[in-house]
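Content type mmCIF, C-alpha atoms and all ligand atoms, from the file my_file20.cif:
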data_data
loop_
_atom_site.label_atom_id
_atom_site.label_comp_id
_atom_site.auth_asym_id
_atom_site.auth_seq_id
_atom_site.Cartn_x
_atom_site.Cartn_y
_atom_site.Cartn_z
CA MET S 70 83.49 119.12 117.34
CA ASN S 71 85.66 118.82 114.25
CA THR S 72 83.59 116.98 111.65
CA GLU S 73 85.60 117.98 108.63
CA THR S 74 86.57 115.23 106.24
CA ARG S 75 90.32 114.80 106.10
CA ARG S 76 92.35 112.34 104.14
CA VAL S 77 94.67 110.13 106.11
CA SER S 78 97.64 108.36 104.53
CA ASP S 79 99.88 105.59 105.79
CA LYS S 80 103.68 105.38 105.95
CA ARG S 81 103.77 104.34 102.29
CA GLU S 82 101.53 107.27 101.29
CA ARG S 83 98.48 105.13 100.66
CA PRO S 84 95.18 106.84 101.51
CA LEU S 85 92.31 105.13 103.34
CA ARG S 86 89.55 104.85 100.73
CA ASP S 87 87.73 101.61 101.12
CA LEU S 88 86.22 99.73 104.09
CA ARG S 89 85.35 96.04 104.29
CA ILE S 90 83.21 94.89 107.15
CA SER S 91 82.96 91.26 108.18
CA VAL S 92 79.56 90.90 109.84
CA THR S 93 79.91 87.28 110.99
CA ASP S 94 82.55 84.56 111.20
CA ARG S 95 79.91 81.86 110.52
CA CYS S 96 79.22 80.25 107.17
CA ASN S 97 76.88 77.64 105.72
CA PHE S 98 79.72 76.44 103.40
CA ARG S 99 83.00 74.79 104.32
CA CYS S 100 85.15 75.69 101.32
CA THR S 101 88.31 73.62 101.49
CA TYR S 102 90.56 76.66 100.94
CA CYS S 103 88.83 78.84 103.54
CA MET S 104 87.03 76.93 106.32
CA PRO S 105 88.00 73.26 105.93
CA ALA S 106 85.27 71.10 107.54
CA GLU S 107 87.85 69.11 109.54
CA LEU S 108 88.91 72.27 111.35
CA PHE S 109 85.64 74.19 111.43
CA GLY S 110 83.57 71.36 112.94
CA PRO S 111 80.44 71.30 115.14
CA ASP S 112 82.43 72.33 118.22
CA TYR S 113 84.21 75.25 116.60
CA PRO S 114 84.00 78.27 118.93
CA PHE S 115 82.31 80.78 116.65
CA LEU S 116 81.71 84.26 118.07
CA GLN S 117 78.66 84.82 120.24
CA LYS S 118 76.20 87.59 119.36
CA THR S 119 77.46 89.95 122.07
CA GLU S 120 80.99 89.63 120.70
CA LEU S 121 79.92 90.90 117.29
CA LEU S 122 79.70 94.62 116.63
CA SER S 123 76.00 95.48 116.78
CA PHE S 124 74.29 97.18 113.84
CA GLU S 125 74.26 100.44 115.80
CA GLU S 126 78.00 100.16 116.47
CA LEU S 127 78.65 99.36 112.82
CA GLU S 128 76.56 102.31 111.71
CA ARG S 129 78.48 104.64 113.99
CA LEU S 130 81.84 103.40 112.74
CA ALA S 131 80.74 103.50 109.10
CA LYS S 132 79.65 107.13 109.59
CA LEU S 133 83.09 108.00 110.89
CA PHE S 134 84.92 106.23 108.08
CA VAL S 135 82.77 108.02 105.51
CA GLY S 136 82.35 111.40 107.18
CA ARG S 137 85.81 111.80 108.66
CA PHE S 138 88.08 109.96 106.22
CA GLY S 139 86.16 110.25 102.97
CA VAL S 140 85.57 106.51 102.47
CA GLU S 141 83.01 106.17 99.66
CA LYS S 142 82.73 102.43 99.36
CA ILE S 143 81.82 99.76 101.90
CA ARG S 144 81.80 96.05 101.22
CA LEU S 145 80.00 93.65 103.58
CA THR S 146 81.48 90.20 103.88
CA GLY S 147 82.03 87.36 106.33
CA GLY S 148 82.01 84.33 106.85
CA GLU S 149 78.80 84.36 104.92
CA PRO S 150 77.25 87.81 105.46
CA LEU S 151 73.71 86.56 104.83
CA MET S 152 74.05 84.22 107.81
CA ARG S 153 73.79 87.32 110.01
CA LYS S 154 70.17 87.93 110.90
CA ASP S 155 68.41 91.02 109.47
CA MET S 156 71.12 92.16 107.07
CA PRO S 157 68.65 94.42 105.19
CA GLU S 158 68.30 96.38 108.46
CA LEU S 159 72.03 97.05 108.54
CA ILE S 160 72.00 98.04 104.88
CA LYS S 161 69.17 100.51 105.50
CA LYS S 162 71.30 102.18 108.16
CA LEU S 163 74.34 102.36 105.88
CA ALA S 164 72.34 103.60 102.92
CA ARG S 165 71.36 106.70 104.93
CA ILE S 166 74.99 107.81 105.35
CA PRO S 167 75.66 110.89 103.19
CA GLY S 168 78.69 110.43 100.93
CA LEU S 169 78.60 106.63 100.94
CA ASN S 170 78.18 106.01 97.21
CA ASP S 171 78.73 102.32 96.95
CA ILE S 172 77.50 99.50 99.19
CA ALA S 173 78.52 96.04 98.03
CA MET S 174 78.42 92.53 99.44
CA THR S 175 80.53 89.44 98.82
CA THR S 176 78.44 86.30 99.26
CA ASN S 177 78.41 82.62 98.38
CA GLY S 178 75.02 83.32 96.79
CA SER S 179 73.12 80.46 98.40
CA LEU S 180 70.76 82.72 100.33
CA LEU S 181 70.25 85.34 97.62
CA PRO S 182 67.00 83.77 96.40
CA VAL S 183 65.59 84.64 99.84
CA TYR S 184 67.21 88.03 100.35
CA ALA S 185 68.09 89.68 97.01
CA GLU S 186 64.92 91.72 96.72
CA LYS S 187 64.99 92.88 100.36
CA LEU S 188 68.67 93.79 100.08
CA LYS S 189 68.05 95.87 96.98
CA GLN S 190 65.11 97.64 98.59
CA ALA S 191 67.24 98.37 101.65
CA GLY S 192 69.83 100.14 99.48
CA LEU S 193 72.46 97.54 98.54
CA HIS S 194 74.00 98.39 95.16
CA ARG S 195 75.75 95.22 94.11
CA VAL S 196 76.88 91.73 94.99
CA THR S 197 79.95 89.70 94.17
CA VAL S 198 78.99 86.04 94.15
CA SER S 199 81.68 83.41 94.67
CA LEU S 200 81.48 80.34 92.46
CA ASP S 201 84.46 78.09 91.74
CA SER S 202 83.04 75.58 89.25
CA LEU S 203 80.05 74.85 87.04
CA GLU S 204 80.60 71.13 87.45
CA ASP S 205 78.31 69.91 90.21
CA GLU S 206 80.42 67.18 91.79
CA ARG S 207 83.50 69.39 91.84
CA PHE S 208 81.64 72.34 93.28
CA LYS S 209 80.03 70.18 95.98
CA ALA S 210 83.45 68.93 97.04
CA ILE S 211 84.96 72.44 97.06
CA ASN S 212 82.16 73.99 99.13
CA GLY S 213 82.35 71.13 101.63
CA ARG S 214 78.59 71.09 102.19
CA GLY S 215 77.39 69.39 99.01
CA VAL S 216 75.64 72.52 97.77
CA SER S 217 74.83 72.24 94.06
CA VAL S 218 75.86 74.75 91.39
CA ASN S 219 72.20 75.44 90.64
CA LYS S 220 71.65 76.83 94.09
CA VAL S 221 74.26 79.53 93.44
CA LEU S 222 73.09 80.17 89.88
CA GLU S 223 69.58 80.74 91.28
CA GLY S 224 71.11 83.25 93.68
CA ILE S 225 72.82 85.05 90.81
CA GLU S 226 69.56 85.18 88.86
CA ALA S 227 67.70 86.48 91.91
CA ALA S 228 70.25 89.26 92.35
CA LYS S 229 69.99 90.23 88.71
CA ALA S 230 66.20 90.16 88.79
CA ALA S 231 66.21 92.39 91.87
CA GLY S 232 68.31 94.95 89.97
CA LEU S 233 71.55 94.45 91.90
CA GLY S 234 74.87 94.73 90.08
CA VAL S 235 76.48 91.28 89.86
CA LYS S 236 80.08 90.13 89.53
CA ILE S 237 81.42 86.60 90.00
CA ASN S 238 84.57 85.53 91.89
CA MET S 239 86.33 82.27 91.13
CA VAL S 240 89.29 81.08 93.20
CA VAL S 241 91.52 79.04 90.89
CA GLN S 242 93.53 76.15 92.34
CA LYS S 243 95.87 73.96 90.36
CA GLY S 244 94.74 70.35 90.30
CA VAL S 245 91.32 71.32 91.67
CA ASN S 246 89.39 73.52 89.26
CA GLU S 247 91.65 74.80 86.51
CA LYS S 248 89.47 72.81 84.09
CA ASP S 249 86.68 75.21 84.97
CA ILE S 250 88.45 78.37 83.83
CA LEU S 251 87.19 78.23 80.25
CA PRO S 252 83.66 76.94 80.94
CA MET S 253 83.23 79.65 83.60
CA ALA S 254 84.56 82.34 81.25
CA ARG S 255 82.24 81.20 78.44
CA TYR S 256 79.20 80.94 80.68
CA PHE S 257 79.53 84.36 82.28
CA LYS S 258 80.55 86.03 79.01
CA GLU S 259 77.29 84.77 77.63
CA LYS S 260 75.35 85.89 80.72
CA GLY S 261 76.96 89.33 80.64
CA HIS S 262 78.47 89.18 84.15
CA ILE S 263 82.07 90.14 84.88
CA LEU S 264 83.99 87.09 86.11
CA ARG S 265 87.06 87.65 88.23
CA PHE S 266 89.63 84.95 88.71
CA ILE S 267 91.40 85.01 92.07
CA GLU S 268 94.83 83.48 92.51
CA PHE S 269 94.76 80.98 95.37
CA MET S 270 96.21 82.80 98.37
CA ASP S 271 97.93 81.82 101.60
CA VAL S 272 95.37 83.52 103.79
CA GLY S 273 95.02 82.21 107.34
CA ASN S 274 96.85 79.19 108.67
CA THR S 275 94.51 76.34 107.80
CA ASN S 276 94.32 75.97 104.03
CA GLN S 277 97.60 74.11 103.40
CA TRP S 278 98.65 76.67 100.84
CA ASN S 279 101.54 75.89 98.55
CA LYS S 280 102.81 78.22 95.86
CA LYS S 281 102.84 75.28 93.46
CA ASP S 282 99.02 75.21 93.64
CA VAL S 283 98.67 78.74 92.29
CA ILE S 284 97.64 79.29 88.69
CA THR S 285 98.99 82.72 87.89
CA LYS S 286 97.35 85.65 86.19
CA ALA S 287 99.59 85.13 83.14
CA GLU S 288 98.57 81.46 82.87
CA ILE S 289 94.87 82.28 83.19
CA ILE S 290 95.00 85.04 80.59
CA ASP S 291 97.08 82.93 78.18
CA LEU S 292 94.49 80.19 78.34
CA ILE S 293 91.55 82.54 77.83
CA ASN S 294 93.35 84.32 74.99
CA GLN S 295 93.76 81.09 73.05
CA HIS S 296 89.99 80.66 72.89
CA MET S 297 88.47 84.09 73.47
CA PRO S 298 91.01 86.82 72.68
CA ALA S 299 91.11 89.61 75.25
CA GLU S 300 93.24 92.73 75.79
CA PRO S 301 94.20 94.56 78.97
CA ILE S 302 92.27 97.71 79.83
CA GLU S 303 92.76 100.56 82.29
CA ALA S 304 91.67 100.24 85.92
CA ASN S 305 88.39 101.98 86.75
CA TYR S 306 90.07 103.79 89.62
CA LYS S 307 93.38 103.85 91.48
CA GLY S 308 93.61 100.93 93.88
CA GLU S 309 91.28 98.60 91.97
CA VAL S 310 92.39 95.09 92.92
CA ALA S 311 91.53 93.28 89.70
CA SER S 312 93.52 93.71 86.49
CA ARG S 313 90.90 94.15 83.78
CA PHE S 314 90.74 92.56 80.32
CA ARG S 315 88.22 93.15 77.52
CA TYR S 316 87.13 90.51 75.02
CA LEU S 317 88.08 91.67 71.53
CA ASP S 318 84.66 90.67 70.21
CA GLY S 319 83.16 93.38 72.43
CA SER S 320 81.20 90.94 74.56
CA GLY S 321 82.38 92.12 77.95
CA GLU S 322 85.28 91.88 80.36
CA ILE S 323 87.01 89.70 82.92
CA GLY S 324 89.36 90.45 85.79
CA VAL S 325 92.20 88.72 87.58
CA ILE S 326 93.15 89.31 91.21
CA SER S 327 96.82 88.47 91.30
CA SER S 328 97.88 88.79 94.90
CA VAL S 329 100.57 86.13 94.45
CA SER S 330 102.11 86.64 91.00
CA ASP S 331 101.69 90.41 90.73
CA ALA S 332 101.24 92.09 94.10
CA PHE S 333 99.22 95.30 94.26
CA CYS S 334 100.17 96.43 97.77
CA ALA S 335 101.52 99.74 96.45
CA SER S 336 97.99 100.98 95.86
CA CYS S 337 96.21 99.10 98.68
CA ASN S 338 93.80 101.50 100.33
CA ARG S 339 91.51 99.07 102.18
CA ALA S 340 90.77 98.88 105.87
CA ARG S 341 89.02 95.82 107.26
CA LEU S 342 86.82 95.49 110.30
CA SER S 343 86.57 91.95 111.63
CA ALA S 344 83.32 90.54 112.97
CA ARG S 345 84.63 91.07 116.50
CA GLY S 346 85.41 94.70 115.80
CA GLU S 347 89.13 94.71 115.22
CA LEU S 348 90.61 96.95 112.57
CA PHE S 349 93.00 95.12 110.23
CA THR S 350 95.18 97.03 107.82
CA CYS S 351 96.12 93.93 105.79
CA LEU S 352 94.39 90.70 104.81
CA PHE S 353 97.44 88.81 106.03
CA ALA S 354 97.93 90.61 109.34
CA SER S 355 98.59 88.67 112.53
CA SER S 356 96.47 90.89 114.72
CA GLY S 357 94.07 93.80 114.61
CA PHE S 358 93.43 96.95 116.59
CA ASP S 359 90.57 96.56 119.08
CA VAL S 360 88.05 99.17 117.93
CA ARG S 361 85.17 97.43 119.74
CA LYS S 362 86.83 98.09 123.09
CA LEU S 363 87.02 101.78 122.25
CA VAL S 364 83.45 101.92 120.94
CA ARG S 365 82.17 100.22 124.08
CA GLY S 366 84.50 102.22 126.30
CA GLY S 367 82.61 105.47 125.80
CA LEU S 368 85.01 107.30 123.51
CA THR S 369 83.68 110.33 121.67
CA ASP S 370 83.57 110.38 117.87
CA ASP S 371 86.60 112.67 117.80
CA GLU S 372 88.60 110.32 120.02
CA LEU S 373 87.58 107.30 117.97
CA THR S 374 88.50 109.08 114.76
CA GLU S 375 91.89 109.99 116.11
CA SER S 376 92.61 106.39 117.22
CA ILE S 377 91.66 104.99 113.83
CA ALA S 378 93.66 107.68 112.03
CA SER S 379 96.72 106.87 114.07
CA VAL S 380 96.48 103.14 113.23
CA TRP S 381 96.31 104.03 109.54
CA ARG S 382 99.11 106.58 109.72
CA ASN S 383 101.42 103.93 111.17
CA ARG S 384 100.55 101.30 108.57
CA THR S 385 103.42 99.76 106.63
CA ASP S 386 101.80 96.47 105.43
CA GLN S 387 102.83 94.97 102.12
CA TYR S 388 102.54 91.25 102.74
CA SER S 389 102.22 90.20 99.09
CA ILE S 390 105.33 92.11 98.12
CA ASP S 391 107.17 90.55 101.05
CA ARG S 392 105.87 87.11 100.07
CA ALA S 393 107.36 87.53 96.61
CA LEU S 394 110.65 88.38 98.30
CA SER S 395 110.33 85.30 100.57
CA LYS S 396 110.21 87.52 103.64
CA THR S 397 107.03 86.17 105.24
CA ASP S 398 107.70 82.59 106.30
CA GLY S 399 106.15 81.30 109.50
CA LYS S 400 104.10 84.39 110.30
CA LYS S 401 100.75 83.63 111.99
CA LYS S 402 97.82 85.21 110.13
CA VAL S 403 94.17 85.95 110.72
CA GLU S 404 91.72 83.47 109.13
CA MET S 405 89.88 84.56 105.96
CA SER S 406 86.47 83.60 107.36
CA TYR S 407 87.07 86.01 110.23
CA ILE S 408 88.18 89.03 108.23
CA GLY S 409 86.30 88.36 105.01
CA GLY S 410 88.62 88.79 102.04
N1 LIG O 501 81.29 83.84 102.13
C1 LIG O 501 81.40 84.87 101.18
C2 LIG O 501 81.91 84.34 99.86
O1 LIG O 501 82.41 83.21 99.81
O2 LIG O 501 81.82 85.08 98.89
C3 LIG O 501 82.25 86.04 101.64
C4 LIG O 501 83.52 85.74 102.40
S1 LIG O 501 84.78 84.92 101.47
C5 LIG O 501 86.04 84.75 102.71
C6 LIG O 501 85.34 86.21 100.40
C7 LIG O 501 86.10 85.77 99.17
O3 LIG O 501 87.36 85.25 99.52
C8 LIG O 501 85.42 84.68 98.35
O4 LIG O 501 85.32 85.08 97.00
C9 LIG O 501 86.35 83.51 98.49
O5 LIG O 501 86.31 82.66 97.38
C10 LIG O 501 87.68 84.18 98.67
N2 LIG O 501 88.69 83.33 99.32
C11 LIG O 501 88.57 82.64 100.47
N3 LIG O 501 89.72 81.97 100.74
C12 LIG O 501 90.59 82.26 99.72
C13 LIG O 501 91.94 81.88 99.42
N4 LIG O 501 92.63 81.05 100.19
N5 LIG O 501 92.52 82.38 98.31
C14 LIG O 501 91.82 83.22 97.49
N6 LIG O 501 90.56 83.63 97.74
C15 LIG O 501 89.94 83.14 98.82
FE1 LIG O 502 82.21 80.43 103.52
FE2 LIG O 502 82.95 82.21 101.73
FE3 LIG O 502 84.81 80.93 103.16
FE4 LIG O 502 83.45 79.58 101.35
S1 LIG O 502 84.84 81.29 100.97
S2 LIG O 502 83.82 78.93 103.47
S3 LIG O 502 81.49 80.54 101.42
S4 LIG O 502 83.31 82.33 103.95
FE1 LIG O 503 96.83 95.15 100.87
FE2 LIG O 503 97.99 93.42 102.52
FE3 LIG O 503 96.90 92.58 100.23
FE4 LIG O 503 99.16 93.99 100.17
S1 LIG O 503 98.90 91.98 101.05
S2 LIG O 503 97.35 94.29 98.85
S3 LIG O 503 98.81 95.38 101.91
S4 LIG O 503 95.81 93.50 101.98
#
Would you mind writing the file's structure down as structure tokens?
Ligand code: SAM
Ligand code: SF4
Ligand code: SF4
Amino acid sequence: MNTETRRVSDKRERPLRDLRISVTDRCNFRCTYCMPAELFGPDYPFLQKTELLSFEELERLAKLFVGRFGVEKIRLTGGEPLMRKDMPELIKKLARIPGLNDIAMTTNGSLLPVYAEKLKQAGLHRVTVSLDSLEDERFKAINGRGVSVNKVLEGIEAAKAAGLGVKINMVVQKGVNEKDILPMARYFKEKGHILRFIEFMDVGNTNQWNKKDVITKAEIIDLINQHMPAEPIEANYKGEVASRFRYLDGSGEIGVISSVSDAFCASCNRARLSARGELFTCLFASSGFDVRKLVRGGLTDDELTESIASVWRNRTDQYSIDRALSKTDGKKKVEMSYIGG
């Protein structure tokens, strides 16, 4: 059996470096921009357990991505990843994979007070916690479940206390939470956590996206600069999604993920596995490649590797560049809660 690591590149010469795994399509929040409560109601047909990739199947796939393609970083996401039962068990399995240097999780933070310690012990390195406002009434309305800011702040504290790395994500929407940009920046500067602003994106088909509702990277940085001067700094590595800025007073950094105003498709090296086991090569793809069928169909590791490699080799995605050129209208897309951001 050929177990040598080989790099695989797509049609635009982008290597496969990074894997994001959505472990569930369920969530205890109903963020208006992601899973609006009107559409994700009590009768919503969420995936059943047998439809999800099992932990053993995920472990096998992760081993292939790391061992065969040289992926060094895996991010677990959802839906809300901590809604999946026994996540520390999955992390233990991943943490045993040689060559996997970085295991991260994106979470809404609400369940971190329960799980942070167990996740750290299992081998998780860091969490990115999503929080869109420090103002309670606004945050309750955005998360659609009336969850208070304190609940998430407790989660952040629990992660820090457990020794996990912590970053914060804030989706900025015009007319919704732009007032929170400065308070969030001040608060997390003080706390010593990197805050990353995310431009509101047209993911999925349900969030009523309009370009007019986007506050751009330039607008965010201008605003911050007026109060807390910051300068751009180099990316940590090629393909990093956030543009980085450092406060001139030396008190830390912020980032901006500018999918809309400044597309970064040219260096996009991320593959995504949906909760149902489809491989997506773009966050805005219409469909994925059914890896679960292959895994359950008895393919050998070599055959699986070859199938995945051929999907990546044929990849041409550059949705955000096409969006900027107005070449994307009317295309049906996968929902964010299904593929995980
Ligand atoms: N439930 C977890 C959470 O909220 O962190 C993980 C999944 S969530 C889909 C991953 C990230 O995508 C979150 O930071 C969320 O704020 C972001 N997100 C969801 N919908 C978005 C949109 N329309 N535009 C920009 N970011 C979005
Ligand atoms: Fe849930 Fe995260 Fe989507 Fe909010 S952004 S609804 S927390 S999956
Ligand atoms: Fe990557 Fe698709 Fe986002 Fe471009 S639009 S950066 S190809 S996920």
Quiz item: Counting all atoms listed in the file, which of S:Ser330, S:Thr385, S:Asn97, S:Thr119 gets nearest to S:Gly213?
Solution: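 Residue with the minimum atom-to-atom distance to S:Gly213: S:Asn97.
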Quiz item: Rounded to one decimal in Å, what is the spacing between atom CA of S:Arg392 and atom CA of S:Ala106?
Solution: 27.1 Å
Please report, as CSV, each residue of chain S lying at most 9 Å from ligand LIG 501 (chain O), together with the nearest pair of atoms and the separation in Å rounded to one decimal; use only C-alpha atoms and all ligand atoms, and order rows by chain and ascending residue number.
residue,atom,partner,partner_atom,distance
S:Ser91,CA,O:LIG501,C4,8.0
S:Asp94,CA,O:LIG501,C4,8.9
S:Arg95,CA,O:LIG501,N1,8.7
S:Cys96,CA,O:LIG501,N1,6.5
S:Asn97,CA,O:LIG501,N1,8.4
S:Phe98,CA,O:LIG501,N1,7.7
S:Cys100,CA,O:LIG501,N3,7.8
S:Thr101,CA,O:LIG501,N3,8.5
S:Tyr102,CA,O:LIG501,N4,4.9
S:Cys103,CA,O:LIG501,N3,4.3
S:Met104,CA,O:LIG501,N3,8.0
S:Leu145,CA,O:LIG501,C3,8.2
S:Thr146,CA,O:LIG501,C3,4.8
S:Gly147,CA,O:LIG501,C4,4.5
S:Gly148,CA,O:LIG501,N1,4.8
S:Glu149,CA,O:LIG501,N1,3.8
S:Pro150,CA,O:LIG501,C3,6.5
S:Leu151,CA,O:LIG501,N1,8.5
S:Met174,CA,O:LIG501,C3,7.9
S:Thr175,CA,O:LIG501,O2,4.5
S:Thr176,CA,O:LIG501,O2,3.6
S:Asn177,CA,O:LIG501,C2,4.2
S:Gly178,CA,O:LIG501,O2,7.3
S:Thr197,CA,O:LIG501,O2,6.9
S:Val198,CA,O:LIG501,O2,5.6
S:Ser199,CA,O:LIG501,O2,4.5
S:Leu200,CA,O:LIG501,O5,7.3
S:Asp201,CA,O:LIG501,O5,7.5
S:Ile237,CA,O:LIG501,O4,8.2
S:Asn238,CA,O:LIG501,O4,5.2
S:Met239,CA,O:LIG501,O5,6.3
S:Val240,CA,O:LIG501,N6,5.4
S:Val241,CA,O:LIG501,C14,7.8
S:Gln242,CA,O:LIG501,N5,8.7
S:Ile267,CA,O:LIG501,C14,5.7
S:Glu268,CA,O:LIG501,C14,5.8
S:Phe269,CA,O:LIG501,N5,4.0
S:Met270,CA,O:LIG501,N5,3.7
S:Asp271,CA,O:LIG501,N4,5.5
S:Val272,CA,O:LIG501,N4,5.2
S:Gly273,CA,O:LIG501,N4,7.6
S:Asn276,CA,O:LIG501,N4,6.6
S:Trp278,CA,O:LIG501,N4,7.5
S:Ile326,CA,O:LIG501,C14,8.8
S:Ser328,CA,O:LIG501,C14,8.6
S:Glu404,CA,O:LIG501,C5,8.7
S:Met405,CA,O:LIG501,C5,5.0
S:Ser406,CA,O:LIG501,C5,4.8
S:Tyr407,CA,O:LIG501,C5,7.7
S:Ile408,CA,O:LIG501,C5,7.3
S:Gly409,CA,O:LIG501,C5,4.3
S:Gly410,CA,O:LIG501,C6,4.5
Quiz prompt | Residue contacts of S:Tyr388 (12 Å, only C-alpha atoms) excluding same-chain residues fewer than 6 positions away, as a list of chain:residue names | solution = S:Met270, S:Asp271, S:Val272, S:Ser328, S:Val329, S:Ala332, S:Phe333, S:Cys334, S:Ala335, S:Cys337, S:Thr350, S:Cys351, S:Leu352, S:Phe353, S:Ala354, S:Ser355, S:Leu394, S:Ser395, S:Lys396, S:Thr397, S:Asp398, S:Lys400, S:Lys402
Self-check item: Neighbour list for S:Ser379 as a list in words, cut-off 10 Å, only C-alpha atoms, skip fewer than 5 positions in-chain
Solution: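 Once the nearby chain positions are removed, what remains is Val77, Ser78, Asp79, Leu373, Thr374 and Arg384 of chain S.
For stretch 339-341 of chain S, the residues within 7 Å (counting all atoms listed in the file, excluding itself and residues fewer than 3 positions away along the chain) are Leu85, Arg86, Asp87, Leu88, Arg89, Ile90, Leu348, Phe349, Thr350 and Ile408 of chain S.
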Exercise. Enter the distance from atom CA of S:His262 to atom CA of S:Ile160, in Å, rounded to one decimal.
Key: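 Computing the Euclidean distance for atom CA of S:His262 and atom CA of S:Ile160 yields 23.5 Å.
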Self-check item: Close residues, stretch 357-367 of chain S itself excluded, 10 Å, only C-alpha atoms, min 4 positions apart in chain, as a PyMOL selection string
Solution: chain S and resi 120-123+126-127+129-130+341-351+372-373+376-377+380+403+408
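Pairwise distance (atom S1 of ligand LIG 503 (chain O), atom CA of S:Ser356) equals 13.9 Å.
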Exercise. Excluding S:Ile225 and residues on its chain fewer than 2 positions from it, collect all residues at most 8 Å away from it, counting all atoms listed in the file, and give them as a ChimeraX atom specification.
Key: /S:178,181,198,221-223,227-229,235
Using C-alpha atoms, can you export the residues from the last selection as a compact mmCIF listing (two decimals), in the coordinates of the input?
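Final output, again31.txt:
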# COMPACT_ATOMS: atom_id res chain seq x y z
CA GLY S 178 75.02 83.32 96.79
CA LEU S 181 70.25 85.34 97.62
CA VAL S 198 78.99 86.04 94.15
CA VAL S 221 74.26 79.53 93.44
CA LEU S 222 73.09 80.17 89.88
CA GLU S 223 69.58 80.74 91.28
CA ALA S 227 67.70 86.48 91.91
CA ALA S 228 70.25 89.26 92.35
CA LYS S 229 69.99 90.23 88.71
CA VAL S 235 76.48 91.28 89.86
Self-check item: Top pick for closest residue to ligand LIG 503 (chain O), considering S:Arg76, S:Glu247, S:Arg83, S:Gln277 and counting only C-alpha atoms and all ligand atoms
Solution: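 The answer is S:Arg83, which sits nearest to ligand LIG 503 (chain O).
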Quiz prompt | Nearest to S:Val92, chosen from S:Leu159, S:Ala164, S:Leu180, S:Leu108, with all atoms listed in the file counted in the distances | solution = S:Leu159
